[in-house]
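Notes follow once the structure below has been shown.
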Amino acid sequence: MAKASETDNGGQSDIGAPYYCQECKRNHTKGKIYKEHLNFARFESKNEESIEIESESDELELEDQHSLEEEKDILTEMDEEEDQNEIEEDEDFDDEVLTLDSDKSVCVDAVKKLPGVGEATLKKLIKAGFSSLESIAYTPPSIIQEESGLGDKTTAKLIKASMDKLDIGFKSAEDVWEHRRNIARITTGSQELDNLFGGGIETGCVVEFFGEFRTGKTQLAHMLCVNVQLPREDGGLNGNALYIDTEGTFRPERIIQMAEGLDLDHKKILKNIVFGRAYNSDHQILLIKEATNLIKEKNIKLIIVDSLIGHFRSEYVGRGTLANRQQTINTHLHDLLRLTDIFPDLCIIVTNQVQSKPDVFYGNPTVAAGGNIVAHGSTIRVYLRKGKGEQRVAKMIDAPHLPEGEAVFSITENGITD
Ligand code: ADP
Ligand code: MG
């Protein structure tokens with residue numbers, strides 16, 4: 001495993017600087033992500049890295065103090081002069097993070113206008129991935145604090161102000177209906193399967209497909225990455241896809257076949273799928289945290305996690321680790337659910353394995369892995385099983401508004417059809 005502490009700059013802990021991660025072969029910004037990787041590397045090589053980890057936490061403590069002072073400032077006075085001070089205090093931050101494209105800068109502008117947000121606070125928020133009112137309003141205060149290094153009072157004020165600006169609170173059922181009536185959906189490619197979902201897979205929720213091997217979970221995931229790019233009138237969302245592959249089963253050649261089946265330019269389709277291979281559960285969690293920043297930037301309308309708990313199952317072995325495992329999966333699922341709050345026109349698909357239940361002799365002996373945590377975390381759950389030949393059967397297990405039912409679809413060279 002790559003050692004996260006093998007920094008490019010000789011190990012100085014300068015938070016905010018780009019850091020090349022050997023493991024995922026790309027740059028991170030040192031800060032929270034770096035810290036996570038350090039913790040993770042600590043597992044592998046406990047002794048070598050311990051010194052460096054200490055120096056990292058020293059710096060974080062320093063930063064805490066820093067933000068405490070800043071917080072006091074915010075609470076007493078919020079004039080321009082103070083903003084000026086903040087900039088001076090924070091000269092060591094590079095300006096790179098503030099060069100954003102126009103779409104993103106609209107969101108950032110809104111954050112900038114929140115009371116008490118000066119340059120330094122803004123930079124901390126952006127660096128931690130909180131660059132929109134929604135991301136601040138829907139994230140638990142403890143997470144904002146931990147990731148941005150801001151104090152608790154500042155965080156509470158920011159959340160309250162963001163919620164006020166977004167008008168989050170009670171609304172009439174009529175308003176909710178108005179929203180749901182116009183909810184966007186992605187076609188699966190099969191009319192029958194679409195009908196099972198009430199007209200395609202809806203946005204704003206987490207959909208779980210679970211089933212045994214070769215029941216079509218990965219094929220469906222591939223197909224949706226193509227279909228999401230279709231124009232709305234053809235059953236797409238005119239958006240791009242982000243694919244997190246935990247099992248190494250993503251195949252661009254399947255995407256090409258599916259795109260060609262729809263007479264689409266496969267080069268363009270491939271280009272619009274952002275791909276991330278998760279090598280272990282920590283990495284998987286990390287990729288989702290990073291995804292938050294990509295969604296607006298890359299016009300992502302669909303996130304795939306294939307599969308959700310494979311890594312967790314293999315890494316947390318034995319009864320003693322069960323509680324810990326479930327807690328981590330729970331947090332991960334809530335990261336995903338939060339994304340659908342922040343981006344209501346985003347669709348999230350997770351796949352799940354089944355585990356055999358040896359005490360069941362009659363009926364279906366398989367249940368989705370992950371237990372109640374996963375069951376309660378996903379909004380819609382669908383069970384897949386094999387039919388005749390290329391046919392597969394999808395059964396609606398749980399959905400807040402859809403009846404239980406079944407649909408038969410086929411997996412062909414061109415993807416999912418009736
Ligand atoms: P899992 O549920 O384990 O993710 P998959 O989604 O990978 O299963 O489904 C695998 C099945 O998809 C294969 O058994 C095969 O029936 C079908 N399949 C895969 N590739 C093709 C192809 N090029 N043409 C037709 N069917 C395919
Ligand atoms: Mg699969």
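Each chain in the structure tokens gets a letter, A, B and so on, in the order shown; residues start at 1 in every chain, and ligands are counted from 1 in the order they appear.
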Residues of chain A at most 6 Å from ligand 1: nearest atom pair and distance in Å, only C-alpha atoms and all ligand atoms, as a Markdown table:
```
| residue | atom | partner | partner_atom_place_in_ligand_line | distance |
| --- | --- | --- | --- | --- |
| A:Phe213 | CA | ligand 1 | 3 (O) | 3.5 |
| A:Arg214 | CA | ligand 1 | 8 (O) | 3.1 |
| A:Thr215 | CA | ligand 1 | 2 (O) | 3.9 |
| A:Gly216 | CA | ligand 1 | 6 (O) | 3.1 |
| A:Lys217 | CA | ligand 1 | 2 (O) | 3.8 |
| A:Thr218 | CA | ligand 1 | 6 (O) | 3.5 |
| A:Gln219 | CA | ligand 1 | 6 (O) | 3.8 |
| A:Glu390 | CA | ligand 1 | 16 (O) | 5.7 |
| A:Ile411 | CA | ligand 1 | 26 (N) | 5.1 |
| A:Thr412 | CA | ligand 1 | 25 (C) | 4.0 |
| A:Glu413 | CA | ligand 1 | 24 (N) | 3.5 |
```
inquiry  = Using only C-alpha atoms and all ligand atoms, which residues of the polymer chains come no farther than 12 Å from ligand 2? I'd like the answer as a ChimeraX atom specification.
reply    = /A:209-222,244-251,304-308,310,350-354,384
Would you mind writing down, as an mmCIF file with C-alpha atoms, in the first residue's frame, each residue of region 277-361 of chain A that DSSP on the backbone assigns to strand (DSSP E or B)?
```cif
data_model
loop_
_atom_site.group_PDB
_atom_site.id
_atom_site.type_symbol
_atom_site.label_atom_id
_atom_site.label_comp_id
_atom_site.auth_asym_id
_atom_site.auth_seq_id
_atom_site.Cartn_x
_atom_site.Cartn_y
_atom_site.Cartn_z
ATOM 1 C CA ARG A 277 -11.919 2.674 -8.279
ATOM 2 C CA ILE A 300 -23.231 14.800 -12.267
ATOM 3 C CA LYS A 301 -26.826 13.556 -12.136
ATOM 4 C CA LEU A 302 -26.166 9.922 -11.269
ATOM 5 C CA ILE A 303 -23.844 8.319 -8.719
ATOM 6 C CA ILE A 304 -23.236 4.578 -8.760
ATOM 7 C CA VAL A 305 -21.641 2.660 -5.912
ATOM 8 C CA ASP A 306 -21.061 -0.925 -7.103
ATOM 9 C CA CYS A 347 -29.974 9.931 -8.420
ATOM 10 C CA ILE A 348 -27.908 7.511 -6.345
ATOM 11 C CA ILE A 349 -27.767 3.803 -7.124
ATOM 12 C CA VAL A 350 -26.054 1.328 -4.848
ATOM 13 C CA THR A 351 -25.727 -2.398 -5.419
ATOM 14 C CA ASN A 352 -25.626 -4.936 -2.667
ATOM 15 C CA VAL A 354 -26.870 -11.139 -0.649
ATOM 16 C CA GLN A 355 -25.867 -13.338 2.199
ATOM 17 C CA SER A 356 -27.313 -16.740 2.804
#
```
Would you give me, as CSV, each residue of region 293-358 of chain A having an atom within 10 Å of an atom of region 129-134 of chain A, along with its shortest atom pair and that distance in Å to one decimal, using only C-alpha atoms and sorting by chain and residue number?
```
residue,atom,partner,partner_atom,distance
A:Asn293,CA,A:Gly129,CA,6.0
A:Leu294,CA,A:Gly129,CA,9.8
A:Lys296,CA,A:Ser132,CA,9.9
A:Arg338,CA,A:Glu134,CA,9.8
A:Leu339,CA,A:Glu134,CA,9.5
A:Asp341,CA,A:Glu134,CA,7.8
A:Ile342,CA,A:Glu134,CA,5.1
A:Phe343,CA,A:Glu134,CA,8.0
```
message = Excluding Gln145 (chain A) and its own-chain neighbours fewer than 6 positions away, which residues fall within 9 Å of it when counting only C-alpha atoms? Please give them as an MDAnalysis selection string.
response = chainID A and resid 151:152 154:155
ask   = If you run DSSP on the backbone, which residues of region 211-399 of chain A are helix (DSSP H, G or I), as JSON, numbers by chain?
value = {"A": [217, 218, 219, 220, 221, 222, 223, 224, 225, 226, 227, 232, 233, 234, 252, 253, 254, 255, 256, 257, 258, 259, 260, 261, 266, 267, 268, 269, 270, 271, 281, 282, 283, 284, 285, 286, 287, 288, 289, 290, 291, 292, 293, 294, 295, 296, 297, 310, 311, 312, 313, 314, 315, 319, 320, 321, 322, 323, 324, 325, 326, 327, 328, 329, 330, 331, 332, 333, 334, 335, 336, 337, 338, 339, 340, 341, 342, 371, 372, 373, 374, 375, 376, 377]}
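Comparing the minimum interatomic distances between Glu404 (chain A) and each of A:Thr340, A:Asn195, A:Thr417, A:Gln284, counting only C-alpha atoms, we find that A:Asn195 sits nearest.
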task = Take CA of Leu336 (chain A) and CA of Tyr243 (chain A) and report the distance between them in Å, one decimal.
result = 13.3 Å
query = Using only C-alpha atoms, which of the listed residues (A:Ile285, A:Leu333, A:Ala399, A:Met163) sits closest to His311 (chain A)?
reply = A:Ile285
Shell of 12 Å around Pro252 (chain A), only C-alpha atoms, local chain residues under 5 positions omitted, as a PyMOL selection string = chain A and resi 219+222-223+225-226+243+257-259+266-267+269-275
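The interatomic distance for the pair CA of Ser410 (chain A) and CA of Asn182 (chain A) works out to 28.9 Å.
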note = Min atom-atom distance to Gly370 (chain A) from the set A:Trp177, A:Tyr383, A:Phe312, A:Phe409, counting only C-alpha atoms, belongs to A:Phe312
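Here the question is which of A:Gly320, A:Pro344, A:Gly199, A:Pro115 gets nearest to Tyr138 (chain A) using only C-alpha atoms, and that residue is A:Pro344.
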key: Non-local contacts of Asp418 (chain A) (8 Å; only C-alpha atoms; under 2 positions in same chain excluded) as a VMD selection string   = chain A and resid 189 to 193 408 to 410 416
ask   = Neighbours of Thr331 (chain A) within 12 Å (only C-alpha atoms; same-chain residues fewer than 2 positions away dropped), as a list in words?
value = Pro140, Ile143, Asp282, Ile285, Leu286, Ile288, Lys289, Asn324, Arg325, Gln326, Gln327, Thr328, Ile329, Leu333, His334, Asp335, Leu336, Leu337, Arg338, Ile373, Val374 and Gly377 of chain A
Output N, CA, C and O atoms for every residue in that selection, as a compact mmCIF listing (two decimals), in the first residue's frame.
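Done, and the output landed in out-v5.txt:
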```
# COMPACT_ATOMS: atom_id res chain seq x y z
N PRO A 140 -24.48 17.86 9.29
CA PRO A 140 -24.48 18.00 10.74
C PRO A 140 -23.34 18.91 11.19
O PRO A 140 -22.24 18.83 10.64
N ILE A 143 -19.78 17.59 11.70
CA ILE A 143 -18.99 17.27 10.51
C ILE A 143 -18.40 18.55 9.91
O ILE A 143 -17.24 18.58 9.53
N ASP A 282 -12.12 2.56 3.38
CA ASP A 282 -11.75 3.96 3.68
C ASP A 282 -11.72 4.78 2.40
O ASP A 282 -12.17 5.92 2.36
N ILE A 285 -15.20 5.60 1.16
CA ILE A 285 -15.80 6.69 1.93
C ILE A 285 -15.23 8.03 1.46
O ILE A 285 -15.95 9.01 1.25
N LEU A 286 -13.92 8.01 1.26
CA LEU A 286 -13.20 9.20 0.80
C LEU A 286 -13.70 9.68 -0.56
O LEU A 286 -13.91 10.86 -0.79
N ILE A 288 -16.59 9.30 -1.91
CA ILE A 288 -17.91 9.92 -1.81
C ILE A 288 -17.79 11.33 -1.22
O ILE A 288 -18.46 12.26 -1.65
N LYS A 289 -16.90 11.48 -0.25
CA LYS A 289 -16.71 12.82 0.31
C LYS A 289 -16.19 13.77 -0.76
O LYS A 289 -16.61 14.92 -0.86
N ASN A 324 -18.88 -1.93 14.98
CA ASN A 324 -18.04 -0.93 14.34
C ASN A 324 -18.34 -0.85 12.84
O ASN A 324 -18.47 0.23 12.27
N ARG A 325 -18.45 -2.02 12.23
CA ARG A 325 -18.73 -2.06 10.80
C ARG A 325 -20.07 -1.38 10.48
O ARG A 325 -20.16 -0.57 9.57
N GLN A 326 -21.09 -1.76 11.25
CA GLN A 326 -22.41 -1.21 10.97
C GLN A 326 -22.42 0.31 11.13
O GLN A 326 -23.06 1.03 10.38
N GLN A 327 -21.68 0.79 12.14
CA GLN A 327 -21.62 2.22 12.38
C GLN A 327 -20.96 2.94 11.19
O GLN A 327 -21.44 3.98 10.73
N THR A 328 -19.90 2.33 10.67
CA THR A 328 -19.20 2.95 9.55
C THR A 328 -20.07 2.94 8.29
O THR A 328 -20.14 3.93 7.56
N ILE A 329 -20.74 1.82 8.06
CA ILE A 329 -21.64 1.75 6.89
C ILE A 329 -22.75 2.79 7.03
O ILE A 329 -23.12 3.47 6.08
N LEU A 333 -23.63 5.65 4.39
CA LEU A 333 -24.95 5.77 3.76
C LEU A 333 -25.54 7.16 3.98
O LEU A 333 -26.18 7.72 3.09
N HIS A 334 -25.29 7.70 5.17
CA HIS A 334 -25.81 9.04 5.42
C HIS A 334 -25.08 10.10 4.60
O HIS A 334 -25.68 11.09 4.20
N ASP A 335 -23.81 9.85 4.32
CA ASP A 335 -23.08 10.75 3.40
C ASP A 335 -23.80 10.76 2.05
O ASP A 335 -23.96 11.80 1.42
N LEU A 336 -24.20 9.55 1.62
CA LEU A 336 -24.88 9.44 0.33
C LEU A 336 -26.26 10.11 0.36
O LEU A 336 -26.62 10.86 -0.54
N LEU A 337 -27.01 9.82 1.43
CA LEU A 337 -28.34 10.41 1.54
C LEU A 337 -28.28 11.93 1.58
O LEU A 337 -29.13 12.61 1.00
N ARG A 338 -27.26 12.45 2.26
CA ARG A 338 -27.13 13.90 2.37
C ARG A 338 -26.94 14.52 0.99
O ARG A 338 -27.43 15.61 0.71
N ILE A 373 -29.25 -1.66 8.79
CA ILE A 373 -28.63 -0.36 8.53
C ILE A 373 -28.80 0.01 7.06
O ILE A 373 -29.25 1.11 6.73
N VAL A 374 -28.48 -0.94 6.19
CA VAL A 374 -28.61 -0.65 4.76
C VAL A 374 -30.08 -0.55 4.38
O VAL A 374 -30.48 0.33 3.62
N GLY A 377 -31.32 2.74 5.29
CA GLY A 377 -30.62 3.85 4.64
C GLY A 377 -31.09 4.08 3.21
O GLY A 377 -31.14 5.21 2.75
```
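Taking CA of Ala128 (chain A) and CA of Ala291 (chain A) as the two end points, the separation is 12.1 Å.
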